[in-house]
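J.: Contents of protein-v1.pdb (PDB, C-alpha atoms) are below:
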```
ATOM      1  CA  MET A 199     -17.312 -18.910 -30.808
ATOM      2  CA  THR A 200     -17.489 -16.493 -33.774
ATOM      3  CA  ARG A 201     -18.416 -13.614 -31.446
ATOM      4  CA  ARG A 202     -15.545 -14.497 -29.126
ATOM      5  CA  LEU A 203     -13.053 -14.597 -32.004
ATOM      6  CA  ALA A 204     -14.247 -11.207 -33.233
ATOM      7  CA  GLN A 205     -14.035  -9.546 -29.812
ATOM      8  CA  VAL A 206     -10.566 -10.888 -29.049
ATOM      9  CA  ALA A 207      -9.296 -10.037 -32.537
ATOM     10  CA  LYS A 208     -10.592  -6.477 -32.228
ATOM     11  CA  LYS A 209      -9.021  -5.974 -28.798
ATOM     12  CA  VAL A 210      -5.604  -7.267 -29.877
ATOM     13  CA  GLY A 211      -5.692  -5.770 -33.387
ATOM     14  CA  VAL A 212      -5.151  -9.022 -35.283
ATOM     15  CA  SER A 213      -7.241 -11.166 -37.595
ATOM     16  CA  GLU A 214      -9.764 -13.722 -36.375
ATOM     17  CA  ALA A 215      -7.675 -16.364 -38.113
ATOM     18  CA  THR A 216      -4.700 -15.455 -35.919
ATOM     19  CA  VAL A 217      -6.855 -15.693 -32.795
ATOM     20  CA  SER A 218      -8.108 -19.094 -33.974
ATOM     21  CA  ARG A 219      -4.539 -20.351 -34.439
ATOM     22  CA  VAL A 220      -3.667 -19.295 -30.888
ATOM     23  CA  LEU A 221      -6.783 -20.875 -29.392
ATOM     24  CA  ASN A 222      -6.093 -24.108 -31.233
ATOM     25  CA  ASP A 223      -2.406 -24.036 -30.258
ATOM     26  CA  LYS A 224      -1.286 -23.927 -33.891
ATOM     27  CA  PRO A 225       2.125 -22.678 -35.132
ATOM     28  CA  GLY A 226       2.694 -19.583 -37.218
ATOM     29  CA  VAL A 227       2.056 -16.962 -34.510
ATOM     30  CA  SER A 228       4.746 -14.928 -32.741
ATOM     31  CA  GLU A 229       5.086 -15.383 -28.991
ATOM     32  CA  ALA A 230       4.233 -11.705 -28.369
ATOM     33  CA  THR A 231       1.000 -11.982 -30.373
ATOM     34  CA  ARG A 232       0.168 -15.272 -28.682
ATOM     35  CA  GLN A 233       0.531 -13.735 -25.233
ATOM     36  CA  SER A 234      -1.535 -10.693 -26.269
ATOM     37  CA  VAL A 235      -4.359 -12.947 -27.428
ATOM     38  CA  LEU A 236      -4.284 -14.958 -24.193
ATOM     39  CA  SER A 237      -4.285 -11.772 -22.107
ATOM     40  CA  ALA A 238      -7.235 -10.394 -24.091
ATOM     41  CA  LEU A 239      -9.076 -13.660 -23.526
ATOM     42  CA  ASP A 240      -8.583 -13.269 -19.762
ATOM     43  CA  VAL A 241      -9.536  -9.587 -19.712
ATOM     44  CA  LEU A 242     -12.743 -10.227 -21.682
ATOM     45  CA  GLY A 243     -13.700 -12.986 -19.259
ATOM     46  CA  TYR A 244     -13.525 -15.956 -21.620
ATOM     47  CA  GLU A 245     -12.164 -19.296 -20.453
ATOM     48  CA  ARG A 246      -8.981 -20.486 -22.078
ATOM     49  CA  PRO A 247      -9.161 -23.669 -24.126
ATOM     50  CA  THR A 248      -8.341 -26.728 -22.039
ATOM     51  CA  GLN A 249      -4.909 -27.225 -23.589
ATOM     52  CA  LEU A 250      -3.903 -23.671 -22.655
ATOM     53  CA  ARG A 251      -5.174 -23.533 -19.092
ATOM     54  CA  GLY A 252      -1.921 -24.700 -17.605
ATOM     55  CA  GLU A 253      -0.263 -21.428 -18.618
ATOM     56  CA  ARG A 254      -0.530 -18.351 -16.490
ATOM     57  CA  ALA A 255      -1.993 -15.219 -17.981
ATOM     58  CA  ARG A 256       0.025 -12.062 -18.483
ATOM     59  CA  LEU A 257      -2.135 -10.516 -15.764
ATOM     60  CA  VAL A 258      -0.917  -9.260 -12.395
ATOM     61  CA  GLY A 259      -3.230  -8.637  -9.477
ATOM     62  CA  LEU A 260      -2.756  -5.301  -7.690
ATOM     63  CA  VAL A 261      -4.612  -5.559  -4.389
ATOM     64  CA  LEU A 262      -5.220  -2.333  -2.444
ATOM     65  CA  PRO A 263      -7.111  -1.819   0.834
ATOM     66  CA  GLU A 264      -8.827   1.385  -0.382
ATOM     67  CA  LEU A 265      -8.632   4.314  -2.799
ATOM     68  CA  GLN A 266      -9.756   7.142  -0.495
ATOM     69  CA  ASN A 267      -6.241   7.597   0.877
ATOM     70  CA  PRO A 268      -4.358   9.251  -2.041
ATOM     71  CA  ILE A 269      -1.247   7.173  -1.348
ATOM     72  CA  PHE A 270      -2.872   4.048  -2.818
ATOM     73  CA  PRO A 271      -3.885   5.537  -6.196
ATOM     74  CA  ALA A 272      -0.330   6.908  -6.346
ATOM     75  CA  PHE A 273       1.111   3.418  -5.837
ATOM     76  CA  ALA A 274      -1.368   2.018  -8.388
ATOM     77  CA  GLU A 275      -0.247   4.544 -11.005
ATOM     78  CA  VAL A 276       3.446   3.762 -10.562
ATOM     79  CA  ILE A 277       3.013  -0.017 -10.378
ATOM     80  CA  GLY A 278       0.503  -0.137 -13.236
ATOM     81  CA  GLY A 279       2.814   1.828 -15.500
ATOM     82  CA  ALA A 280       5.843  -0.295 -14.623
ATOM     83  CA  LEU A 281       3.890  -3.516 -15.245
ATOM     84  CA  ALA A 282       2.701  -2.261 -18.636
ATOM     85  CA  GLN A 283       6.308  -1.579 -19.609
ATOM     86  CA  GLN A 284       6.991  -5.266 -18.912
ATOM     87  CA  GLY A 285       4.082  -6.402 -21.082
ATOM     88  CA  LEU A 286       1.932  -7.248 -18.069
ATOM     89  CA  THR A 287      -1.635  -6.101 -17.455
ATOM     90  CA  PRO A 288      -2.568  -4.955 -13.923
ATOM     91  CA  VAL A 289      -5.897  -6.093 -12.494
ATOM     92  CA  LEU A 290      -6.917  -3.595  -9.793
ATOM     93  CA  CYS A 291      -8.611  -5.158  -6.771
ATOM     94  CA  THR A 292      -9.860  -2.661  -4.188
ATOM     95  CA  GLN A 293     -11.622  -3.653  -1.003
ATOM     96  CA  THR A 294     -14.803  -1.922   0.092
ATOM     97  CA  LYS A 295     -16.685  -2.232   3.353
ATOM     98  CA  GLY A 296     -19.213  -5.024   3.009
ATOM     99  CA  GLY A 297     -17.853  -5.837  -0.444
ATOM    100  CA  VAL A 298     -15.376  -8.315  -1.858
ATOM    101  CA  SER A 299     -12.739  -9.348   0.685
ATOM    102  CA  GLU A 300      -9.005  -9.680   0.094
ATOM    103  CA  ALA A 301      -9.358 -13.486   0.224
ATOM    104  CA  ASP A 302     -12.177 -13.336  -2.362
ATOM    105  CA  TYR A 303      -9.977 -11.285  -4.681
ATOM    106  CA  VAL A 304      -7.164 -13.818  -4.331
ATOM    107  CA  GLU A 305      -9.572 -16.605  -5.311
ATOM    108  CA  LEU A 306     -10.705 -14.637  -8.373
ATOM    109  CA  LEU A 307      -7.098 -13.911  -9.368
ATOM    110  CA  LEU A 308      -6.192 -17.595  -9.072
ATOM    111  CA  GLN A 309      -9.116 -18.470 -11.337
ATOM    112  CA  GLN A 310      -7.692 -16.059 -13.909
ATOM    113  CA  GLN A 311      -4.298 -17.784 -13.601
ATOM    114  CA  VAL A 312      -2.474 -14.525 -12.950
ATOM    115  CA  SER A 313       1.283 -14.334 -13.305
ATOM    116  CA  GLY A 314       1.694 -12.694  -9.904
ATOM    117  CA  VAL A 315       0.182 -10.445  -7.245
ATOM    118  CA  VAL A 316       1.320  -7.182  -5.640
ATOM    119  CA  PHE A 317      -0.259  -6.203  -2.319
ATOM    120  CA  ALA A 318       0.161  -2.519  -1.393
ATOM    121  CA  GLY A 319      -1.122  -2.389   2.155
ATOM    122  CA  GLY A 320      -3.546  -5.008   3.416
ATOM    123  CA  LEU A 321      -4.134  -7.776   5.895
ATOM    124  CA  PHE A 322      -0.523  -8.964   5.673
ATOM    125  CA  ALA A 323       0.383  -5.982   7.897
ATOM    126  CA  GLN A 324      -2.092  -6.956  10.650
ATOM    127  CA  ALA A 325      -1.019  -9.694  13.049
ATOM    128  CA  ASP A 326      -4.569 -10.634  14.093
ATOM    129  CA  ALA A 327      -6.082 -10.736  10.591
ATOM    130  CA  PRO A 328      -6.699 -13.940   8.566
ATOM    131  CA  HIS A 329      -3.738 -14.877   6.374
ATOM    132  CA  ASP A 330      -4.765 -18.204   4.798
ATOM    133  CA  HIS A 331      -5.115 -16.640   1.342
ATOM    134  CA  TYR A 332      -1.446 -15.596   1.407
ATOM    135  CA  ARG A 333      -0.406 -19.136   2.247
ATOM    136  CA  LEU A 334      -2.588 -20.387  -0.619
ATOM    137  CA  LEU A 335      -0.612 -18.175  -3.016
ATOM    138  CA  ALA A 336       2.637 -19.572  -1.621
ATOM    139  CA  GLU A 337       1.406 -23.149  -2.046
ATOM    140  CA  ARG A 338       0.518 -22.436  -5.686
ATOM    141  CA  ASN A 339       3.971 -20.873  -6.250
ATOM    142  CA  ILE A 340       2.422 -17.592  -7.394
ATOM    143  CA  PRO A 341       4.986 -14.759  -7.378
ATOM    144  CA  VAL A 342       4.018 -12.202  -4.718
ATOM    145  CA  VAL A 343       5.473  -8.893  -3.531
ATOM    146  CA  LEU A 344       4.265  -7.003  -0.453
ATOM    147  CA  ILE A 345       4.541  -3.232  -0.086
ATOM    148  CA  ASN A 346       5.064  -2.074   3.502
ATOM    149  CA  ALA A 347       5.792  -4.121   6.575
ATOM    150  CA  SER A 348       4.281  -7.590   6.945
ATOM    151  CA  ILE A 349       3.811  -9.984   9.843
ATOM    152  CA  PRO A 350       6.952 -12.046  10.569
ATOM    153  CA  ASP A 351       5.898 -15.481   9.265
ATOM    154  CA  LEU A 352       4.869 -14.498   5.720
ATOM    155  CA  ASP A 353       7.726 -15.618   3.499
ATOM    156  CA  PHE A 354       7.385 -13.114   0.647
ATOM    157  CA  PRO A 355       9.698 -10.421  -0.673
ATOM    158  CA  CYS A 356       8.719  -7.080   0.843
ATOM    159  CA  ILE A 357       9.298  -3.443  -0.106
ATOM    160  CA  ALA A 358       8.894  -1.030   2.812
ATOM    161  CA  CYS A 359       9.488   2.533   3.848
ATOM    162  CA  ASP A 360      11.569   2.683   7.037
ATOM    163  CA  ASP A 361       8.961   3.441   9.721
ATOM    164  CA  ALA A 362      11.589   3.880  12.428
ATOM    165  CA  VAL A 363      13.472   6.534  10.457
ATOM    166  CA  ALA A 364      10.193   8.290   9.619
ATOM    167  CA  VAL A 365       9.245   8.683  13.280
ATOM    168  CA  GLU A 366      12.787   9.615  14.296
ATOM    169  CA  GLN A 367      12.759  12.433  11.730
ATOM    170  CA  SER A 368       9.346  13.659  12.901
ATOM    171  CA  TRP A 369      10.273  13.463  16.581
ATOM    172  CA  ARG A 370      13.552  15.333  16.162
ATOM    173  CA  HIS A 371      11.770  18.021  14.156
ATOM    174  CA  LEU A 372       9.181  18.632  16.886
ATOM    175  CA  VAL A 373      11.790  18.548  19.653
ATOM    176  CA  SER A 374      13.901  21.089  17.736
ATOM    177  CA  LEU A 375      10.853  23.370  17.766
ATOM    178  CA  GLY A 376      10.634  23.130  21.561
ATOM    179  CA  HIS A 377       7.801  20.598  21.854
ATOM    180  CA  GLU A 378       7.992  18.435  24.965
ATOM    181  CA  ARG A 379       4.488  16.919  25.047
ATOM    182  CA  ILE A 380       4.418  14.909  21.811
ATOM    183  CA  GLY A 381       1.623  12.463  21.041
ATOM    184  CA  LEU A 382       1.141   9.744  18.420
ATOM    185  CA  VAL A 383      -1.893   8.781  16.332
ATOM    186  CA  LEU A 384      -1.257   5.260  15.042
ATOM    187  CA  GLY A 385      -3.165   2.442  13.378
ATOM    188  CA  PRO A 386      -4.597  -0.590  15.239
ATOM    189  CA  SER A 387      -2.460  -2.341  17.847
ATOM    190  CA  ASP A 388      -1.821  -5.356  15.572
ATOM    191  CA  HIS A 389      -0.678  -3.157  12.665
ATOM    192  CA  ILE A 390       3.025  -3.900  12.122
ATOM    193  CA  PRO A 391       4.085  -0.497  10.681
ATOM    194  CA  SER A 392       2.360   1.213  13.622
ATOM    195  CA  ARG A 393       4.164  -1.077  16.056
ATOM    196  CA  ARG A 394       7.461  -0.061  14.461
ATOM    197  CA  LYS A 395       6.555   3.607  14.678
ATOM    198  CA  LEU A 396       5.681   3.260  18.367
ATOM    199  CA  ALA A 397       8.958   1.476  19.148
ATOM    200  CA  ALA A 398      10.885   4.211  17.322
ATOM    201  CA  ALA A 399       9.029   6.953  19.210
ATOM    202  CA  ARG A 400       9.839   5.347  22.545
ATOM    203  CA  GLU A 401      13.480   5.105  21.549
ATOM    204  CA  ALA A 402      13.524   8.737  20.379
ATOM    205  CA  ALA A 403      11.957   9.865  23.663
ATOM    206  CA  GLY A 404      14.488   7.839  25.621
ATOM    207  CA  ALA A 405      17.339   9.430  23.691
ATOM    208  CA  THR A 406      16.258  12.799  25.124
ATOM    209  CA  GLY A 407      16.005  11.434  28.650
ATOM    210  CA  ARG A 408      12.217  11.157  28.636
ATOM    211  CA  GLU A 409       9.584   8.450  28.435
ATOM    212  CA  LEU A 410       6.611   8.356  26.109
ATOM    213  CA  PRO A 411       3.531   8.144  28.362
ATOM    214  CA  GLU A 412       0.895   5.597  27.319
ATOM    215  CA  GLU A 413      -1.747   8.342  27.439
ATOM    216  CA  PHE A 414       0.138  10.134  24.650
ATOM    217  CA  VAL A 415      -0.433   7.193  22.267
ATOM    218  CA  GLU A 416      -3.801   6.857  20.522
ATOM    219  CA  ARG A 417      -4.901   4.283  17.969
ATOM    220  CA  SER A 418      -7.385   4.633  15.162
ATOM    221  CA  MET A 419      -8.606   3.207  11.913
ATOM    222  CA  PHE A 420      -6.906   4.888   8.949
ATOM    223  CA  ALA A 421      -9.476   7.589   8.189
ATOM    224  CA  LEU A 422      -9.815  11.321   8.728
ATOM    225  CA  GLU A 423     -12.643  10.809  11.230
ATOM    226  CA  GLY A 424     -10.540   8.353  13.218
ATOM    227  CA  GLY A 425      -7.654  10.807  13.284
ATOM    228  CA  GLN A 426      -9.942  13.542  14.539
ATOM    229  CA  ALA A 427     -11.274  11.417  17.398
ATOM    230  CA  ALA A 428      -7.816  10.197  18.430
ATOM    231  CA  ALA A 429      -6.278  13.673  18.270
ATOM    232  CA  THR A 430      -9.137  15.118  20.321
ATOM    233  CA  ARG A 431      -8.227  12.761  23.149
ATOM    234  CA  LEU A 432      -4.552  13.727  22.893
ATOM    235  CA  LEU A 433      -5.364  17.436  22.939
ATOM    236  CA  GLU A 434      -7.426  16.937  26.092
ATOM    237  CA  ARG A 435      -4.232  15.579  27.703
ATOM    238  CA  GLY A 436      -2.220  18.647  26.755
ATOM    239  CA  VAL A 437      -0.020  17.537  23.863
ATOM    240  CA  THR A 438       1.406  20.315  21.684
ATOM    241  CA  GLY A 439       2.817  18.165  18.880
ATOM    242  CA  ILE A 440       1.139  15.220  17.127
ATOM    243  CA  ILE A 441       2.840  12.653  14.886
ATOM    244  CA  CYS A 442       0.380  10.715  12.709
ATOM    245  CA  ALA A 443       0.733   7.401  10.855
ATOM    246  CA  SER A 444      -0.875   8.741   7.650
ATOM    247  CA  ASP A 445      -1.808  12.025   6.027
ATOM    248  CA  PRO A 446      -5.587  11.515   6.415
ATOM    249  CA  LEU A 447      -5.029  10.926  10.145
ATOM    250  CA  ALA A 448      -3.031  14.162  10.269
ATOM    251  CA  LEU A 449      -5.817  16.097   8.518
ATOM    252  CA  GLY A 450      -8.173  14.687  11.130
ATOM    253  CA  ALA A 451      -5.828  16.006  13.826
ATOM    254  CA  VAL A 452      -5.883  19.484  12.248
ATOM    255  CA  ARG A 453      -9.672  19.389  12.279
ATOM    256  CA  ALA A 454      -9.696  18.258  15.929
ATOM    257  CA  ALA A 455      -7.525  21.215  16.911
ATOM    258  CA  ARG A 456      -9.810  23.668  15.133
ATOM    259  CA  ARG A 457     -12.907  22.184  16.744
ATOM    260  CA  ARG A 458     -11.300  22.959  20.114
ATOM    261  CA  GLY A 459     -10.567  26.534  19.109
ATOM    262  CA  LEU A 460      -6.851  25.872  18.638
ATOM    263  CA  ALA A 461      -4.774  27.058  15.704
ATOM    264  CA  VAL A 462      -2.336  24.914  13.716
ATOM    265  CA  PRO A 463       0.579  25.487  14.022
ATOM    266  CA  ARG A 464       0.345  28.344  16.584
ATOM    267  CA  ASP A 465      -1.064  26.130  19.349
ATOM    268  CA  VAL A 466      -0.516  22.616  18.002
ATOM    269  CA  SER A 467       1.970  21.203  15.476
ATOM    270  CA  VAL A 468       0.928  18.244  13.316
ATOM    271  CA  VAL A 469       3.106  15.884  11.245
ATOM    272  CA  GLY A 470       1.661  13.421   8.719
ATOM    273  CA  TYR A 471       3.086  10.427   6.903
ATOM    274  CA  ASP A 472       3.141   9.582   3.150
ATOM    275  CA  ASP A 473       3.228  13.043   1.496
ATOM    276  CA  SER A 474       0.269  11.999  -0.603
ATOM    277  CA  ALA A 475      -1.414  14.170  -3.245
ATOM    278  CA  PHE A 476      -2.670  17.653  -2.358
ATOM    279  CA  MET A 477      -0.878  17.924   0.992
ATOM    280  CA  THR A 478       0.623  21.181  -0.315
ATOM    281  CA  CYS A 479      -2.927  22.479  -0.858
ATOM    282  CA  THR A 480      -4.256  21.985   2.672
ATOM    283  CA  GLU A 481      -4.572  24.876   5.122
ATOM    284  CA  PRO A 482      -1.988  24.985   6.494
ATOM    285  CA  PRO A 483       0.131  22.924   4.058
ATOM    286  CA  LEU A 484       0.989  19.687   5.859
ATOM    287  CA  THR A 485       4.407  18.870   7.255
ATOM    288  CA  THR A 486       4.760  15.172   6.507
ATOM    289  CA  VAL A 487       7.204  12.333   5.908
ATOM    290  CA  ARG A 488       7.441  11.394   2.234
ATOM    291  CA  GLN A 489       7.446   7.782   1.122
ATOM    292  CA  PRO A 490       9.532   7.324  -2.072
ATOM    293  CA  ILE A 491       6.549   5.936  -3.983
ATOM    294  CA  GLU A 492       8.170   5.905  -7.428
ATOM    295  CA  ALA A 493      11.260   3.998  -6.286
ATOM    296  CA  MET A 494       9.257   1.585  -4.109
ATOM    297  CA  GLY A 495       6.689   0.820  -6.814
ATOM    298  CA  ARG A 496       9.316   0.157  -9.469
ATOM    299  CA  ALA A 497      11.346  -2.011  -7.104
ATOM    300  CA  ALA A 498       8.220  -4.062  -6.349
ATOM    301  CA  VAL A 499       7.616  -4.660 -10.066
ATOM    302  CA  ASP A 500      11.276  -5.579 -10.619
ATOM    303  CA  LEU A 501      11.074  -8.171  -7.818
ATOM    304  CA  LEU A 502       7.827  -9.559  -9.198
ATOM    305  CA  CYS A 503       9.116  -9.830 -12.781
ATOM    306  CA  THR A 504      12.280 -11.564 -11.612
ATOM    307  CA  GLN A 505      10.097 -14.198  -9.927
ATOM    308  CA  ILE A 506       7.814 -14.524 -12.965
ATOM    309  CA  GLN A 507      10.878 -15.210 -15.111
ATOM    310  CA  GLY A 508      11.754 -18.104 -12.814
ATOM    311  CA  SER A 509      14.625 -16.567 -10.861
ATOM    312  CA  GLU A 510      14.942 -16.538  -7.098
ATOM    313  CA  VAL A 511      14.750 -13.303  -5.118
ATOM    314  CA  PRO A 512      15.525 -12.765  -1.427
ATOM    315  CA  HIS A 513      12.415 -13.344   0.667
ATOM    316  CA  SER A 514      13.288 -10.462   2.938
ATOM    317  CA  GLU A 515      12.457  -6.809   3.422
ATOM    318  CA  LEU A 516      13.978  -4.049   1.316
ATOM    319  CA  LEU A 517      13.825  -0.777   3.284
ATOM    320  CA  PHE A 518      13.574   2.622   1.602
ATOM    321  CA  GLU A 519      14.584   5.887   3.252
ATOM    322  CA  PRO A 520      11.783   8.417   3.919
ATOM    323  CA  GLU A 521      12.190  12.198   3.776
ATOM    324  CA  LEU A 522      10.726  14.780   6.147
ATOM    325  CA  VAL A 523       9.022  17.577   4.194
ATOM    326  CA  VAL A 524       8.567  20.645   6.397
ATOM    327  CA  ARG A 525       5.598  22.856   5.547
ATOM    328  CA  GLY A 526       3.188  25.035   7.474
ATOM    329  CA  SER A 527       1.603  22.675  10.023
ATOM    330  CA  THR A 528       4.570  22.733  12.410
ATOM    331  CA  ALA A 529       6.058  25.701  14.281
ATOM    332  CA  GLN A 530       7.843  26.717  17.469
ATOM    333  CA  ALA A 531       6.034  25.504  20.575
ATOM    334  CA  ALA A 532       4.035  28.225  22.300
ATOM    335  CA  ALA A 533       5.501  29.520  25.557
ATOM    336  CA  ARG A 534       3.738  28.111  28.617
TER     337      ARG A 534
END
```
Can the structure from this file be put into structure tokens for me?
T.:
Amino acid sequence: MTRRLAQVAKKVGVSEATVSRVLNDKPGVSEATRQSVLSALDVLGYERPTQLRGERARLVGLVLPELQNPIFPAFAEVIGGALAQQGLTPVLCTQTKGGVSEADYVELLLQQQVSGVVFAGGLFAQADAPHDHYRLLAERNIPVVLINASIPDLDFPCIACDDAVAVEQSWRHLVSLGHERIGLVLGPSDHIPSRRKLAAAREAAGATGRELPEEFVERSMFALEGGQAAATRLLERGVTGIICASDPLALGAVRAARRRGLAVPRDVSVVGYDDSAFMTCTEPPLTTVRQPIEAMGRAAVDLLCTQIQGSEVPHSELLFEPELVVRGSTAQAAAR
């Protein structure tokens, strides 16, 4: 007990006597100090005293599918900073292959009595994935916010970039450059944002009096290697422009073109999605559609804090407008 008091007191910057008063639910401690002590207790892995376990910690789970794609660390930075400004401590939960699953993280977060959870990408966007852990959060009345499109029957507030507008911008850009054989590299078939992108591409093709052939649509896991394999198949079918569902997929497409002896953008134009870190430093710099990460992350935290404070928020989707950023990976289609 003495060691616990000392560690918590040191972390919060108060006396051991103050920590003892909080743990024994005694008066004479400000609410801010009380919450800081309880948060420190959670962070250090100590169980709360029985009489305090009914209260949620000032912790918020931030669950990400990976950190290799630069878009997710970018979201984590924005959301983590916004949470800290609200006096909340983010707990980063990142999935790894063969490691802790999203459902396992939810169980751990519930044990810590978190105040809420933000999911930035994850199984909520895949129709065929397990979703019981989301329903468990709903049953426990834990405030939740999802970032980017979710399956229809999950009743949580959602912040999303407008996938349809993103593809429409990309498609119009390639068409304006004279490209007629445009292919797509998307995520898995049950991935909701990819479904929206495909529907938008078909509509954009139809608006120009064309159809989007099925052989011009390839699916992949969200990784550079997957993008390379998918783009290789598209290049074999003669596409001259490729729209990708993420920047790593687009970098894979650039690599696929080079492996076939093609130059980007002289022979093939490539458009990414996200405008994640270092896309200006690639060769060539990547034309991509920018997600407004700062605005989306702050909106997600605002929605979460409103719920934590006990107020209702619309359990619907808030769409943010993307922006096409034209760089060096797109150019006029080569004459045939």
J.: What lies within 12 Å of Val487 in chain A using only C-alpha atoms, ignoring chain neighbours under 3 positions off, as a PyMOL selection string?
T.: chain A and resi 359-369+371+441-445+448+468-474+477+484+490-491+519-525
J.: Please, what distance in Å, to one decimal, runs between CA of Gly259 in chain A and CA of Thr231 in chain A?
T.: 21.6 Å
J.: Rounded to one decimal, what separation in Å do you get between CA of Ala398 in chain A and CA of Phe354 in chain A?
T.: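 Value for the CA of Ala398 in chain A-CA of Phe354 in chain A distance: 24.3 Å.
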J.: Which residue gives the smallest distance to Ile269 in chain A among A:Gln489, A:Asn339, A:Thr478, A:Gln426, with only C-alpha atoms counted?
T.: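 For Ile269 in chain A, the nearest of the candidates is A:Gln489.
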J.: Rounded to one decimal place, report the CA of Cys291 in chain A-CA of His513 in chain A distance in Å.
T.: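 For CA of Cys291 in chain A relative to CA of His513 in chain A, the distance reads 23.8 Å.
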J.: Between A:Ile340, A:Ala497, A:Leu375, A:Ala399, which has the minimum distance to Val466 in chain A (counting all atoms listed in the file)?
T.: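 Comparing A:Ile340, A:Ala497, A:Leu375, A:Ala399 against Val466 in chain A, the winner is A:Leu375.
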J.: Can you list, as a ChimeraX atom specification, the residues that the PyMOL selection byres ((chain A and resi 351) around 12) selects here?
T.: /A:322-325,329-330,332-333,347-350,352-355,513-514
J.: Gly425 in chain A: which residues within 6 Å, counting all atoms listed in the file, same-chain residues fewer than 6 positions away excluded, as a PyMOL selection string?
T.: chain A and resi 447+450-451
J.: Around the point (7.1, 1.6, -1.4), in the coordinates given by the file, pick out the residues reaching within 12 Å, counting all atoms listed in the file, and return them as a PyMOL selection string.
T.: chain A and resi 269-270+272-274+276-277+316-319+343-347+356-361+472+488-499+515-520
J.: Once the PyMOL selection byres ((chain A and resi 201) around 12) has been applied to the shown file, what residues remain in the selection, as a list in words?
T.: Met199, Thr200, Arg202, Leu203, Ala204, Gln205, Val206, Ala207, Lys208, Glu214, Val217, Ser218, Leu242 and Tyr244 of chain A
